[in-house]
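Shown next: coords.csv, containing CSV, C-alpha atoms and all ligand atoms.
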chain,number,residue,atom,x,y,z
A,186,MET,CA,0.0,0.0,0.0
A,187,LYS,CA,1.4,3.4,-1.0
A,188,ASN,CA,-0.2,5.1,2.1
A,189,LYS,CA,-2.1,7.7,0.1
A,190,LYS,CA,-4.1,10.2,2.1
A,191,TYR,CA,-6.4,10.9,-0.7
A,192,LEU,CA,-7.8,8.4,-3.2
A,193,ALA,CA,-9.0,10.2,-6.3
A,194,GLY,CA,-12.4,9.5,-7.7
A,195,LYS,CA,-15.6,8.3,-6.1
A,196,HIS,CA,-15.6,5.9,-3.2
A,197,PHE,CA,-17.7,2.8,-4.2
A,198,VAL,CA,-19.6,1.6,-1.2
A,199,HIS,CA,-20.5,-1.9,-2.0
A,200,ILE,CA,-21.0,-3.5,1.3
A,201,PRO,CA,-24.6,-4.7,1.5
A,202,GLY,CA,-25.6,-1.7,3.5
A,203,PRO,CA,-25.3,1.1,4.4
A,204,THR,CA,-25.5,1.9,0.7
A,205,ASN,CA,-24.7,4.9,-1.5
A,206,ILE,CA,-26.8,7.9,-0.6
A,207,PRO,CA,-28.2,9.8,-3.6
A,208,ASP,CA,-27.1,13.4,-3.8
A,209,ARG,CA,-30.8,14.4,-3.7
A,210,VAL,CA,-31.2,12.7,-0.4
A,211,LEU,CA,-28.1,14.3,1.0
A,212,ARG,CA,-29.3,17.7,0.0
A,213,ALA,CA,-32.7,17.1,1.4
A,214,MET,CA,-31.2,16.4,4.8
A,215,ASP,CA,-28.9,19.4,4.8
A,216,LYS,CA,-31.4,21.7,6.3
A,217,GLN,CA,-32.0,23.5,9.5
A,218,ILE,CA,-33.9,21.6,12.1
A,219,ILE,CA,-37.6,22.2,12.5
A,220,ASP,CA,-39.9,21.9,15.5
A,221,HIS,CA,-41.0,18.3,15.7
A,222,ARG,CA,-44.1,19.3,17.5
A,223,GLY,CA,-45.0,22.0,14.9
A,224,PRO,CA,-47.3,21.9,11.9
A,225,GLU,CA,-44.6,21.6,9.2
A,226,PHE,CA,-43.2,18.4,10.8
A,227,SER,CA,-46.6,16.8,11.5
A,228,GLU,CA,-47.8,17.3,7.9
A,229,MET,CA,-44.6,15.8,6.6
A,230,ALA,CA,-44.8,12.9,9.0
A,231,VAL,CA,-48.3,12.0,7.9
A,232,ARG,CA,-47.2,12.1,4.2
A,233,ILE,CA,-44.2,10.0,4.9
A,234,ILE,CA,-46.1,7.3,6.8
A,235,ASP,CA,-48.7,7.2,3.9
A,236,ASN,CA,-46.0,6.9,1.3
A,237,LEU,CA,-43.9,4.4,3.1
A,238,LYS,CA,-47.0,2.2,3.5
A,239,LYS,CA,-47.2,2.1,-0.3
A,240,VAL,CA,-43.6,0.9,-0.5
A,241,VAL,CA,-44.3,-1.8,2.0
A,242,LYS,CA,-47.7,-2.5,0.5
A,243,THR,CA,-49.6,-2.3,3.7
A,244,LYS,CA,-52.7,-0.7,5.1
A,245,ASN,CA,-51.7,-1.7,8.6
A,246,HIS,CA,-50.0,0.6,11.1
A,247,LEU,CA,-46.5,1.6,10.2
A,248,ILE,CA,-44.2,2.7,12.9
A,249,ILE,CA,-40.9,4.7,12.4
A,250,TYR,CA,-38.3,4.6,15.2
A,251,PRO,CA,-35.2,6.6,15.6
A,252,ALA,CA,-33.1,3.4,15.7
A,253,SER,CA,-31.1,0.9,13.7
A,254,GLY,CA,-32.7,-2.3,12.4
A,255,THR,CA,-31.8,-4.1,15.6
A,256,GLY,CA,-34.2,-1.9,17.5
A,257,ALA,CA,-37.1,-2.9,15.3
A,258,TRP,CA,-36.2,-6.6,16.0
A,259,GLU,CA,-36.5,-5.9,19.7
A,260,SER,CA,-39.7,-3.9,19.2
A,261,ALA,CA,-41.3,-6.8,17.3
A,262,ILE,CA,-40.6,-9.1,20.3
A,263,ALA,CA,-41.2,-6.7,23.2
A,264,ASN,CA,-44.6,-5.6,21.8
A,265,THR,CA,-46.2,-8.9,21.1
A,266,LEU,CA,-44.8,-11.6,23.5
A,267,SER,CA,-44.4,-12.5,27.1
A,268,PRO,CA,-41.6,-14.2,29.0
A,269,GLY,CA,-41.5,-17.9,28.3
A,270,ASP,CA,-43.4,-17.7,25.1
A,271,LYS,CA,-42.1,-20.0,22.4
A,272,VAL,CA,-40.9,-18.6,19.0
A,273,LEU,CA,-39.8,-20.5,15.9
A,274,VAL,CA,-36.9,-19.2,14.0
A,275,TYR,CA,-35.5,-20.4,10.7
A,276,GLU,CA,-31.7,-20.1,10.8
A,277,THR,CA,-30.9,-18.2,7.6
A,278,GLY,CA,-27.5,-16.9,8.7
A,279,HIS,CA,-25.8,-14.2,10.8
A,280,PHE,CA,-28.9,-12.0,11.0
A,281,SER,CA,-31.4,-14.6,12.0
A,282,ASN,CA,-28.9,-15.6,14.7
A,283,LEU,CA,-28.7,-12.1,16.0
A,284,TRP,CA,-32.5,-11.9,16.2
A,285,ILE,CA,-32.4,-15.2,18.1
A,286,ASP,CA,-30.0,-13.6,20.6
A,287,VAL,CA,-32.6,-10.8,21.1
A,288,ALA,CA,-35.3,-13.4,21.7
A,289,ARG,CA,-33.2,-15.2,24.2
A,290,LYS,CA,-32.3,-12.0,26.1
A,291,PHE,CA,-36.1,-11.6,26.5
A,292,LYS,CA,-36.3,-15.0,28.0
A,293,LEU,CA,-38.3,-16.5,25.2
A,294,GLU,CA,-38.1,-20.2,24.4
A,295,VAL,CA,-36.5,-20.2,21.0
A,296,ASP,CA,-36.9,-23.2,18.7
A,297,VAL,CA,-34.4,-22.9,15.9
A,298,ILE,CA,-34.7,-24.7,12.6
A,299,PRO,CA,-31.0,-25.2,11.7
A,300,SER,CA,-29.7,-24.8,8.2
A,301,ASP,CA,-26.5,-24.7,6.1
A,302,TRP,CA,-27.3,-21.0,5.3
A,303,ARG,CA,-26.9,-21.8,1.6
A,304,SER,CA,-30.0,-23.6,0.2
A,305,GLY,CA,-33.0,-21.4,0.7
A,306,ALA,CA,-36.2,-22.2,2.7
A,307,LYS,CA,-37.0,-25.8,3.2
A,308,ILE,CA,-40.7,-25.1,3.9
A,309,GLU,CA,-41.4,-28.7,4.9
A,310,LEU,CA,-39.2,-28.2,8.0
A,311,ILE,CA,-41.4,-25.2,9.1
A,312,GLU,CA,-44.5,-27.3,8.2
A,313,LYS,CA,-43.3,-30.1,10.4
A,314,LYS,CA,-42.7,-27.8,13.4
A,315,LEU,CA,-46.2,-26.2,13.0
A,316,ILE,CA,-48.0,-29.6,12.7
A,317,GLU,CA,-46.1,-31.0,15.7
A,318,ASP,CA,-47.2,-28.0,17.7
A,319,LYS,CA,-50.6,-29.4,18.7
A,320,GLU,CA,-51.0,-27.1,21.7
A,321,LYS,CA,-50.2,-24.0,19.6
A,322,LYS,CA,-47.3,-23.0,21.8
A,323,ILE,CA,-45.5,-21.3,19.0
A,324,LYS,CA,-46.5,-17.7,19.3
A,325,ALA,CA,-44.4,-16.3,16.4
A,326,LEU,CA,-42.4,-17.4,13.4
A,327,MET,CA,-39.4,-15.1,12.9
A,328,MET,CA,-38.1,-15.1,9.3
A,329,VAL,CA,-35.4,-13.0,7.5
A,330,HIS,CA,-36.6,-12.2,4.0
A,331,ASN,CA,-33.2,-11.5,2.6
A,332,GLU,CA,-30.3,-12.9,4.6
A,333,THR,CA,-27.5,-10.3,4.1
A,334,SER,CA,-24.7,-12.6,5.3
A,335,SER,CA,-25.4,-15.4,2.8
A,336,GLY,CA,-27.0,-13.6,-0.2
A,337,VAL,CA,-30.0,-15.9,0.1
A,338,LYS,CA,-33.6,-14.8,-0.2
A,339,TYR,CA,-36.5,-16.6,1.4
A,340,ASN,CA,-39.9,-17.1,-0.1
A,341,ILE,CA,-42.1,-15.4,2.5
A,342,GLN,CA,-45.2,-15.7,0.4
A,343,LYS,CA,-45.0,-19.5,0.4
A,344,ILE,CA,-44.1,-19.7,4.1
A,345,SER,CA,-47.1,-17.5,4.9
A,346,GLN,CA,-49.4,-19.7,2.8
A,347,LYS,CA,-48.2,-22.7,4.7
A,348,ILE,CA,-49.2,-21.0,8.0
A,349,GLN,CA,-52.6,-20.2,6.6
A,350,ASP,CA,-53.1,-23.7,5.2
A,351,LEU,CA,-52.3,-25.2,8.6
A,352,LYS,CA,-54.5,-22.6,10.4
A,353,HIS,CA,-51.7,-22.0,12.9
A,354,PRO,CA,-52.3,-18.9,15.0
A,355,CYS,CA,-48.6,-17.8,15.2
A,356,LEU,CA,-47.6,-14.3,14.2
A,357,LEU,CA,-45.4,-14.0,11.1
A,358,MET,CA,-42.6,-11.6,11.8
A,359,VAL,CA,-40.4,-10.8,8.8
A,360,ASP,CA,-37.0,-8.9,8.7
A,361,THR,CA,-36.9,-7.0,5.5
A,362,VAL,CA,-34.0,-4.8,6.4
A,363,SER,CA,-31.9,-5.7,3.3
A,364,SER,CA,-34.8,-6.4,0.9
A,365,LEU,CA,-37.0,-3.3,1.5
A,366,ALA,CA,-37.2,-1.2,-1.7
A,367,SER,CA,-34.9,-3.7,-3.5
A,368,SER,CA,-37.0,-6.9,-3.7
A,369,ASN,CA,-40.8,-7.0,-3.9
A,370,PHE,CA,-42.3,-7.2,-0.5
A,371,GLU,CA,-46.1,-7.4,0.0
A,372,ASN,CA,-46.8,-6.9,3.7
A,373,ASP,CA,-50.6,-7.4,3.5
A,374,GLU,CA,-50.9,-9.8,0.6
A,375,TRP,CA,-48.4,-12.1,2.4
A,376,LYS,CA,-50.2,-11.6,5.7
A,377,VAL,CA,-47.1,-10.4,7.5
A,378,ASP,CA,-48.0,-9.4,11.1
A,379,VAL,CA,-44.8,-7.5,11.9
A,380,MET,CA,-42.3,-6.3,9.5
A,381,VAL,CA,-38.9,-5.2,10.6
A,382,GLY,CA,-37.1,-2.7,8.4
A,383,GLY,CA,-34.2,-0.2,8.3
A,384,SER,CA,-33.3,2.9,6.5
A,385,GLN,CA,-29.7,2.3,5.3
A,386,LYS,CA,-30.1,-0.3,2.6
A,387,GLY,CA,-32.6,-0.3,-0.2
A,388,LEU,CA,-34.1,3.0,1.0
A,389,MET,CA,-30.8,4.7,0.4
A,390,LEU,CA,-30.7,6.7,3.6
A,391,PRO,CA,-28.0,6.9,6.3
A,392,PRO,CA,-28.5,4.4,9.2
A,393,GLY,CA,-30.7,5.7,12.0
A,394,ILE,CA,-34.4,4.9,11.3
A,395,ALA,CA,-36.1,1.6,11.6
A,396,PHE,CA,-39.6,0.4,10.9
A,397,ASN,CA,-42.3,-2.0,12.1
A,398,THR,CA,-45.6,-2.8,10.5
A,399,VAL,CA,-48.3,-3.9,12.9
A,400,SER,CA,-51.2,-6.1,11.8
A,401,PRO,CA,-54.5,-6.1,13.7
A,402,LYS,CA,-53.6,-9.6,14.9
A,403,ALA,CA,-50.2,-8.3,16.2
A,404,LEU,CA,-52.0,-5.4,17.9
A,405,GLU,CA,-54.3,-7.9,19.6
A,406,LYS,CA,-51.2,-9.7,20.9
A,407,TYR,CA,-49.8,-6.4,22.1
A,408,ARG,CA,-52.8,-6.2,24.5
A,409,SER,CA,-51.8,-9.4,26.3
A,410,SER,CA,-48.1,-9.1,26.0
A,411,THR,CA,-46.3,-8.6,29.3
A,412,LEU,CA,-42.7,-8.0,28.2
A,413,PRO,CA,-41.6,-4.5,29.4
A,414,LYS,CA,-41.5,-1.8,26.7
A,415,TYR,CA,-41.3,2.0,26.8
A,416,PHE,CA,-39.2,3.3,23.9
A,417,TRP,CA,-40.7,0.7,21.6
A,418,ASP,CA,-44.2,0.8,22.9
A,419,TRP,CA,-46.6,0.6,19.9
A,420,GLU,CA,-49.6,2.2,21.5
A,421,MET,CA,-47.9,5.3,22.4
A,422,MET,CA,-46.5,5.6,18.9
A,423,ILE,CA,-49.8,4.9,17.1
A,424,GLU,CA,-51.6,7.4,19.2
A,425,ASN,CA,-49.1,10.2,18.5
A,426,ASN,CA,-48.7,9.2,14.8
A,427,LYS,CA,-52.4,9.8,14.2
A,428,ASN,CA,-51.6,13.6,14.2
A,429,GLY,CA,-48.1,13.3,12.7
A,430,PHE,CA,-46.3,13.4,16.1
A,431,PHE,CA,-44.0,11.1,18.0
A,432,PRO,CA,-43.9,10.3,21.7
A,433,TYR,CA,-40.2,11.5,21.8
A,434,THR,CA,-37.9,13.3,19.4
A,435,PRO,CA,-37.9,11.6,16.0
A,436,ALA,CA,-34.9,11.7,13.6
A,437,VAL,CA,-36.1,14.8,12.0
A,438,ASN,CA,-33.4,15.3,9.3
A,439,LEU,CA,-33.5,11.6,8.4
A,440,MET,CA,-37.2,12.1,7.8
A,441,PHE,CA,-36.4,14.8,5.3
A,442,GLY,CA,-34.2,12.3,3.6
A,443,LEU,CA,-36.8,9.6,3.7
A,444,GLU,CA,-39.3,11.8,2.0
A,445,GLU,CA,-36.9,12.5,-0.8
A,446,ALA,CA,-35.9,8.9,-1.1
A,447,MET,CA,-39.5,7.9,-1.5
A,448,LYS,CA,-39.9,10.6,-4.2
A,449,ILE,CA,-37.0,9.0,-6.0
A,450,LEU,CA,-38.4,5.5,-5.7
A,451,ASN,CA,-41.7,6.9,-7.0
A,452,GLU,CA,-40.1,8.6,-10.0
A,453,GLU,CA,-38.4,5.4,-11.0
A,454,GLY,CA,-41.4,3.3,-10.2
A,455,LEU,CA,-41.2,0.5,-7.6
A,456,ASP,CA,-41.5,-2.3,-10.2
A,457,ASN,CA,-38.6,-0.8,-12.1
A,458,VAL,CA,-36.6,-0.5,-9.0
A,459,PHE,CA,-37.1,-4.2,-8.3
A,460,SER,CA,-36.3,-5.3,-11.9
A,461,ARG,CA,-33.2,-3.1,-11.9
A,462,HIS,CA,-32.0,-4.9,-8.7
A,463,THR,CA,-32.7,-8.3,-10.2
A,464,ARG,CA,-30.8,-7.4,-13.4
A,465,LEU,CA,-27.8,-6.1,-11.6
A,466,ALA,CA,-27.8,-9.1,-9.3
A,467,ASN,CA,-27.9,-11.4,-12.3
A,468,ALA,CA,-25.0,-9.5,-13.9
A,469,THR,CA,-23.0,-9.8,-10.7
A,470,ARG,CA,-23.5,-13.6,-10.8
A,471,LYS,CA,-22.4,-13.8,-14.4
A,472,ALA,CA,-19.2,-12.1,-13.4
A,473,VAL,CA,-18.6,-14.5,-10.5
A,474,GLU,CA,-19.2,-17.5,-12.8
A,475,GLY,CA,-16.8,-15.9,-15.4
A,476,TRP,CA,-14.1,-15.6,-12.8
A,477,GLY,CA,-14.7,-19.3,-11.9
A,478,LEU,CA,-15.6,-18.6,-8.3
A,479,GLU,CA,-18.3,-20.2,-6.3
A,480,ILE,CA,-21.4,-18.4,-5.2
A,481,PHE,CA,-22.3,-19.2,-1.5
A,482,CYS,CA,-26.1,-19.6,-2.3
A,483,ASN,CA,-26.5,-22.9,-3.9
A,484,CYS,CA,-30.1,-22.6,-4.9
A,485,VAL,CA,-30.8,-20.5,-8.0
A,486,GLU,CA,-34.4,-19.6,-7.1
A,487,SER,CA,-33.2,-18.2,-3.8
A,488,TYR,CA,-30.6,-15.8,-5.1
A,489,SER,CA,-30.7,-12.4,-3.5
A,490,ASP,CA,-31.4,-9.3,-5.4
A,491,SER,CA,-29.5,-7.2,-2.9
A,492,CYS,CA,-26.2,-8.9,-2.3
A,493,THR,CA,-24.0,-11.8,-3.4
A,494,THR,CA,-21.7,-13.8,-1.2
A,495,ILE,CA,-18.8,-15.4,-2.9
A,496,PHE,CA,-16.2,-18.0,-1.7
A,497,SER,CA,-12.7,-16.6,-2.0
A,498,PRO,CA,-10.4,-18.6,-4.3
A,499,LYS,CA,-8.4,-21.4,-2.7
A,500,GLY,CA,-5.4,-20.0,-0.8
A,501,ILE,CA,-6.6,-16.4,-0.9
A,502,ASP,CA,-7.7,-14.7,2.2
A,503,PRO,CA,-10.9,-12.8,1.3
A,504,ASP,CA,-10.1,-10.0,3.8
A,505,HIS,CA,-6.7,-9.5,2.2
A,506,LEU,CA,-8.4,-9.4,-1.2
A,507,ARG,CA,-10.9,-6.8,0.1
A,508,SER,CA,-8.1,-4.6,1.5
A,509,VAL,CA,-6.2,-4.7,-1.8
A,510,ILE,CA,-9.5,-3.7,-3.6
A,511,LEU,CA,-10.1,-0.9,-1.1
A,512,ASN,CA,-6.6,0.5,-1.1
A,513,GLU,CA,-6.1,0.3,-4.8
A,514,PHE,CA,-9.5,0.9,-6.3
A,515,ASN,CA,-11.4,2.7,-3.5
A,516,ILE,CA,-14.2,0.0,-3.4
A,517,SER,CA,-15.6,-1.3,-0.1
A,518,LEU,CA,-16.8,-4.9,-0.2
A,519,GLY,CA,-18.5,-6.8,2.6
A,520,MET,CA,-16.7,-9.3,4.8
A,521,GLY,CA,-17.8,-12.7,5.8
A,522,LEU,CA,-19.8,-12.7,9.0
A,523,SER,CA,-19.7,-15.2,11.9
A,524,LYS,CA,-19.1,-18.8,10.7
A,525,ILE,CA,-18.1,-17.8,7.2
A,526,LYS,CA,-15.7,-15.1,8.2
A,527,GLY,CA,-12.4,-15.5,6.4
A,528,LYS,CA,-14.0,-17.8,3.8
A,529,VAL,CA,-16.2,-15.4,1.7
A,530,PHE,CA,-16.5,-11.8,0.6
A,531,ARG,CA,-19.8,-10.1,-0.3
A,532,ILE,CA,-20.8,-7.6,-3.0
A,533,GLY,CA,-23.7,-5.3,-2.1
A,534,HIS,CA,-25.7,-4.4,-5.2
A,535,LEU,CA,-28.6,-2.6,-3.7
A,536,GLY,CA,-29.8,1.0,-3.5
A,537,ASP,CA,-28.7,3.8,-5.8
A,538,LEU,CA,-26.7,2.2,-8.5
A,539,ASN,CA,-26.8,1.5,-12.2
A,540,GLU,CA,-25.1,-0.7,-14.9
A,541,VAL,CA,-22.1,1.5,-15.2
A,542,SER,CA,-21.4,1.7,-11.5
A,543,LEU,CA,-21.7,-2.1,-11.2
A,544,ILE,CA,-19.4,-2.7,-14.1
A,545,GLY,CA,-16.9,-0.4,-12.4
A,546,VAL,CA,-17.1,-2.4,-9.2
A,547,LEU,CA,-16.8,-5.7,-11.0
A,548,GLY,CA,-13.8,-4.4,-12.9
A,549,GLY,CA,-12.2,-3.4,-9.6
A,550,ILE,CA,-12.8,-6.8,-8.1
A,551,GLU,CA,-11.3,-8.4,-11.2
A,552,MET,CA,-8.2,-6.3,-11.0
A,553,GLY,CA,-8.0,-7.1,-7.3
A,554,LEU,CA,-8.2,-10.8,-7.9
A,555,SER,CA,-5.3,-10.5,-10.4
A,556,LYS,CA,-3.3,-8.5,-7.9
A,557,VAL,CA,-3.6,-11.1,-5.2
A,558,GLY,CA,-2.4,-13.7,-7.6
A,559,TYR,CA,-5.6,-15.4,-8.7
A,560,LYS,CA,-5.3,-16.6,-12.3
A,561,ILE,CA,-8.4,-15.3,-14.1
A,562,LYS,CA,-9.5,-17.6,-16.9
A,563,LYS,CA,-12.2,-15.5,-18.2
A,564,SER,CA,-13.2,-11.9,-17.7
A,565,GLY,CA,-16.2,-11.9,-15.4
A,566,THR,CA,-16.6,-8.2,-16.0
A,567,GLN,CA,-17.0,-8.9,-19.7
A,568,GLU,CA,-19.6,-11.6,-19.0
A,569,ALA,CA,-21.5,-9.0,-17.0
A,570,ILE,CA,-21.2,-6.5,-19.8
A,571,ASN,CA,-22.5,-9.0,-22.3
A,572,TYR,CA,-25.4,-9.7,-20.1
A,573,LEU,CA,-26.3,-6.0,-19.5
A,574,ALA,CA,-25.8,-5.0,-23.1
A,575,HIS,CA,-28.8,-7.1,-24.1
B,1,LIG,C1,-28.5,-4.8,8.2
B,1,LIG,C2,-29.4,-5.8,8.7
B,1,LIG,C3,-30.1,-5.7,10.0
B,1,LIG,C4,-30.0,-4.6,10.9
B,1,LIG,O1,-28.9,-4.1,11.4
B,1,LIG,P1,-28.6,-2.8,12.1
B,1,LIG,O2,-27.2,-2.7,12.0
B,1,LIG,O3,-29.2,-2.8,13.5
B,1,LIG,O4,-29.3,-1.7,11.3
B,1,LIG,C5,-31.0,-6.7,10.3
B,1,LIG,N1,-31.3,-7.7,9.5
B,1,LIG,C6,-30.7,-7.8,8.3
B,1,LIG,C7,-31.1,-8.9,7.4
B,1,LIG,C8,-29.8,-6.8,7.8
B,1,LIG,O5,-29.2,-6.9,6.6
In structure tokens, how does this file's structure come out?
Amino acid sequence: MKNKKYLAGKHFVHIPGPTNIPDRVLRAMDKQIIDHRGPEFSEMAVRIIDNLKKVVKTKNHLIIYPASGTGAWESAIANTLSPGDKVLVYETGHFSNLWIDVARKFKLEVDVIPSDWRSGAKIELIEKKLIEDKEKKIKALMMVHNETSSGVKYNIQKISQKIQDLKHPCLLMVDTVSSLASSNFENDEWKVDVMVGGSQKGLMLPPGIAFNTVSPKALEKYRSSTLPKYFWDWEMMIENNKNGFFPYTPAVNLMFGLEEAMKILNEEGLDNVFSRHTRLANATRKAVEGWGLEIFCNCVESYSDSCTTIFSPKGIDPDHLRSVILNEFNISLGMGLSKIKGKVFRIGHLGDLNEVSLIGVLGGIEMGLSKVGYKIKKSGTQEAINYLAH
């Protein structure tokens, strides 16, 4: 490394969140604070909640917290459950496991469906657990929609259908932090009771706000839940939100940014946003195949639209590869998390990006692979270009 204090050109943020923030969103936040109990704020908050409900496709309550996604995990649990309640969690990877940690801290009984993280949802395993649960002890199924550590997307619609078919009364809680505004998510159609979302991924905002949706069924559970809650308390939020207010100080300037981000999503059209993500994700995988590397997700229909996790070539430390790519080409890539740390690296391809920026990133990775001594047989970048040029 030449120890440069300044790297010329744009810094490419391609960790799977936080993501690039569009200039328009940055400008929208660069404003003097306003009174969060005044009319300008309350009118904006009402508009924002209405618009965000369209992104999430819900008519249920939508709650906005000044928090990171982790807070919305905790809120989903604290608002609906009581100590000793049983929850079922599908182990999707690093993020499901953190959510499990939250549940255990709250003294819930956590039944985990273990998995290899790689092969998508085995719905029959969920089905078996629900059928065995004759006494309906399982109060909630916690699912991650898009597992950011593995680059695997889970079919929430099918899982929800299974719960309906079996007439199991459990709540369906879904973490959409890295799929929101990148992959289609239909809160109401898929009968999701509680959605957990965050600002810093597909929504193209800085970290700092988090979301829950609350179905009528979840609200009913709230009434009998005895876990303590104050900051996360839904009722207090819902009451205040009716008039565009919050029980405590909201993240005002992030809300300016959120309104602008939703304008941007609206101008592109949500369906176009989703198909752009799918296309860029496909191009990324063409590149990986071209380089002759292995994609961590081994189930094609479960490929993520937001991020791709890739095994580092034999003998090459992925964190060394990432540091070469950062220092030489000014690109940040994601590291392997928990049990796959030191085995994989991750490319985030979500948020504000297009074909040209993706090709830049893939080119940088290709150069980095050469620099660390990997013999590239075929230009993956060229494969991605070929794909995107059609
Ligand atoms: C990023 C992320 C989170 C939340 O993380 P925070 O750091 O608390 O914002 C949760 N779940 C998934 C799937 C994520 O990708």
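Minimum atom-to-atom distance to Tyr339 in chain A, evaluated using all atoms listed in the file, belongs to A:Cys484 out of A:Cys484, A:Leu538, A:Ile561, A:Leu573.
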Practice problem: Fewer than 4 positions away in the same chain doesn't count, so skip those; otherwise give me all residues within 12 Å of Ala193 in chain A, counting all atoms listed in the file, as a ChimeraX atom specification. | Solution: /A:189,197,512-516
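Contact shell of range 445-454 of chain A at 8 Å (all atoms listed in the file; same-chain neighbours under 6 positions omitted): Arg209, Val210, Ala213, Asn236, Leu237, Ala366, Leu388, Met389 and Leu390 of chain A.
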Taking only residues of range 210-284 of chain A that have an atom at most 9 Å from an atom of range 396-412 of chain A, what is each one's shortest atom pair and its distance in Å to one decimal, using all atoms listed in the file, in chain and number order, as a Markdown table?
| residue | atom | partner | partner_atom | distance |
| --- | --- | --- | --- | --- |
| A:Lys238 | CA | A:Thr398 | CA | 8.7 |
| A:Val241 | CA | A:Thr398 | CA | 8.7 |
| A:Thr243 | CA | A:Thr398 | CA | 7.9 |
| A:Lys244 | CA | A:Ser400 | CA | 8.7 |
| A:Asn245 | CA | A:Ser400 | CA | 5.5 |
| A:His246 | CA | A:Val399 | CA | 5.1 |
| A:Leu247 | CA | A:Thr398 | CA | 4.5 |
| A:Ile248 | CA | A:Asn397 | CA | 5.1 |
| A:Ile249 | CA | A:Phe396 | CA | 4.7 |
| A:Tyr250 | CA | A:Phe396 | CA | 6.1 |
| A:Pro251 | CA | A:Phe396 | CA | 8.9 |
| A:Ala252 | CA | A:Phe396 | CA | 8.6 |
| A:Ser253 | CA | A:Phe396 | CA | 9.0 |
| A:Gly254 | CA | A:Phe396 | CA | 7.6 |
| A:Gly256 | CA | A:Phe396 | CA | 8.8 |
| A:Ala257 | CA | A:Phe396 | CA | 6.0 |
| A:Trp258 | CA | A:Asn397 | CA | 8.6 |
| A:Ser260 | CA | A:Asn397 | CA | 7.8 |
| A:Ala261 | CA | A:Asn397 | CA | 7.1 |
| A:Ile262 | CA | A:Leu412 | CA | 8.2 |
| A:Ala263 | CA | A:Leu412 | CA | 5.4 |
| A:Asn264 | CA | A:Tyr407 | CA | 5.3 |
| A:Thr265 | CA | A:Tyr407 | CA | 4.5 |
| A:Leu266 | CA | A:Ser410 | CA | 4.8 |
| A:Ser267 | CA | A:Thr411 | CA | 4.9 |
| A:Pro268 | CA | A:Leu412 | CA | 6.3 |
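If you measure from each of A:Lys338, A:Arg289, A:Arg212, A:Arg222 to ligand LIG 1 (chain B) using all atoms listed in the file, the closest one turns out to be A:Lys338.
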Self-check item: Pick from A:Asp350, A:Glu479, A:Glu332, A:Asp378 nearest to ligand LIG 1 (chain B), counting only C-alpha atoms and all ligand atoms
Solution: A:Glu332
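Counting all atoms listed in the file and comparing A:Gly336, A:Pro203, A:Gly527, A:Gly278, the residue that lies closest to Phe481 in chain A is A:Gly336.
Between CA of Val362 in chain A and CA of Thr493 in chain A the separation is 15.7 Å.
The smallest atom-to-atom distance between ligand LIG 1 (chain B) and any of A:Asn457, A:Thr463, A:Asn340, A:Ser491, using all atoms listed in the file, is found for A:Ser491.
What separates CA of Lys499 in chain A from CA of Arg470 in chain A is a distance of 18.8 Å.
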Exercise. Please extract the residues at most 9 Å from ligand LIG 1 (chain B), counting all atoms listed in the file, and provide them as a VMD selection string, using the chain letters and residue numbers of this document.
Key: chain A and resid 201 to 203 252 to 258 278 to 281 283 to 284 329 to 334 360 to 364 381 to 386 392 to 395
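Taking CA of Asn282 in chain A and CA of Ser523 in chain A as the two end points, the separation is 9.6 Å.
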May I have the residues at most 9 Å from (-49.2, -16.9, 6.6) in the file's coordinates, counting all atoms listed in the file, as a compact mmCIF listing (two decimals) with C-alpha atoms, in the frame of the given file?
# COMPACT_ATOMS: atom_id res chain seq x y z
CA ILE A 341 -42.10 -15.40 2.50
CA GLN A 342 -45.20 -15.70 0.40
CA LYS A 343 -45.00 -19.50 0.40
CA ILE A 344 -44.10 -19.70 4.10
CA SER A 345 -47.10 -17.50 4.90
CA GLN A 346 -49.40 -19.70 2.80
CA LYS A 347 -48.20 -22.70 4.70
CA ILE A 348 -49.20 -21.00 8.00
CA GLN A 349 -52.60 -20.20 6.60
CA ASP A 350 -53.10 -23.70 5.20
CA LYS A 352 -54.50 -22.60 10.40
CA HIS A 353 -51.70 -22.00 12.90
CA CYS A 355 -48.60 -17.80 15.20
CA LEU A 356 -47.60 -14.30 14.20
CA LEU A 357 -45.40 -14.00 11.10
CA TRP A 375 -48.40 -12.10 2.40
CA LYS A 376 -50.20 -11.60 5.70
CA VAL A 377 -47.10 -10.40 7.50
CA ASP A 378 -48.00 -9.40 11.10
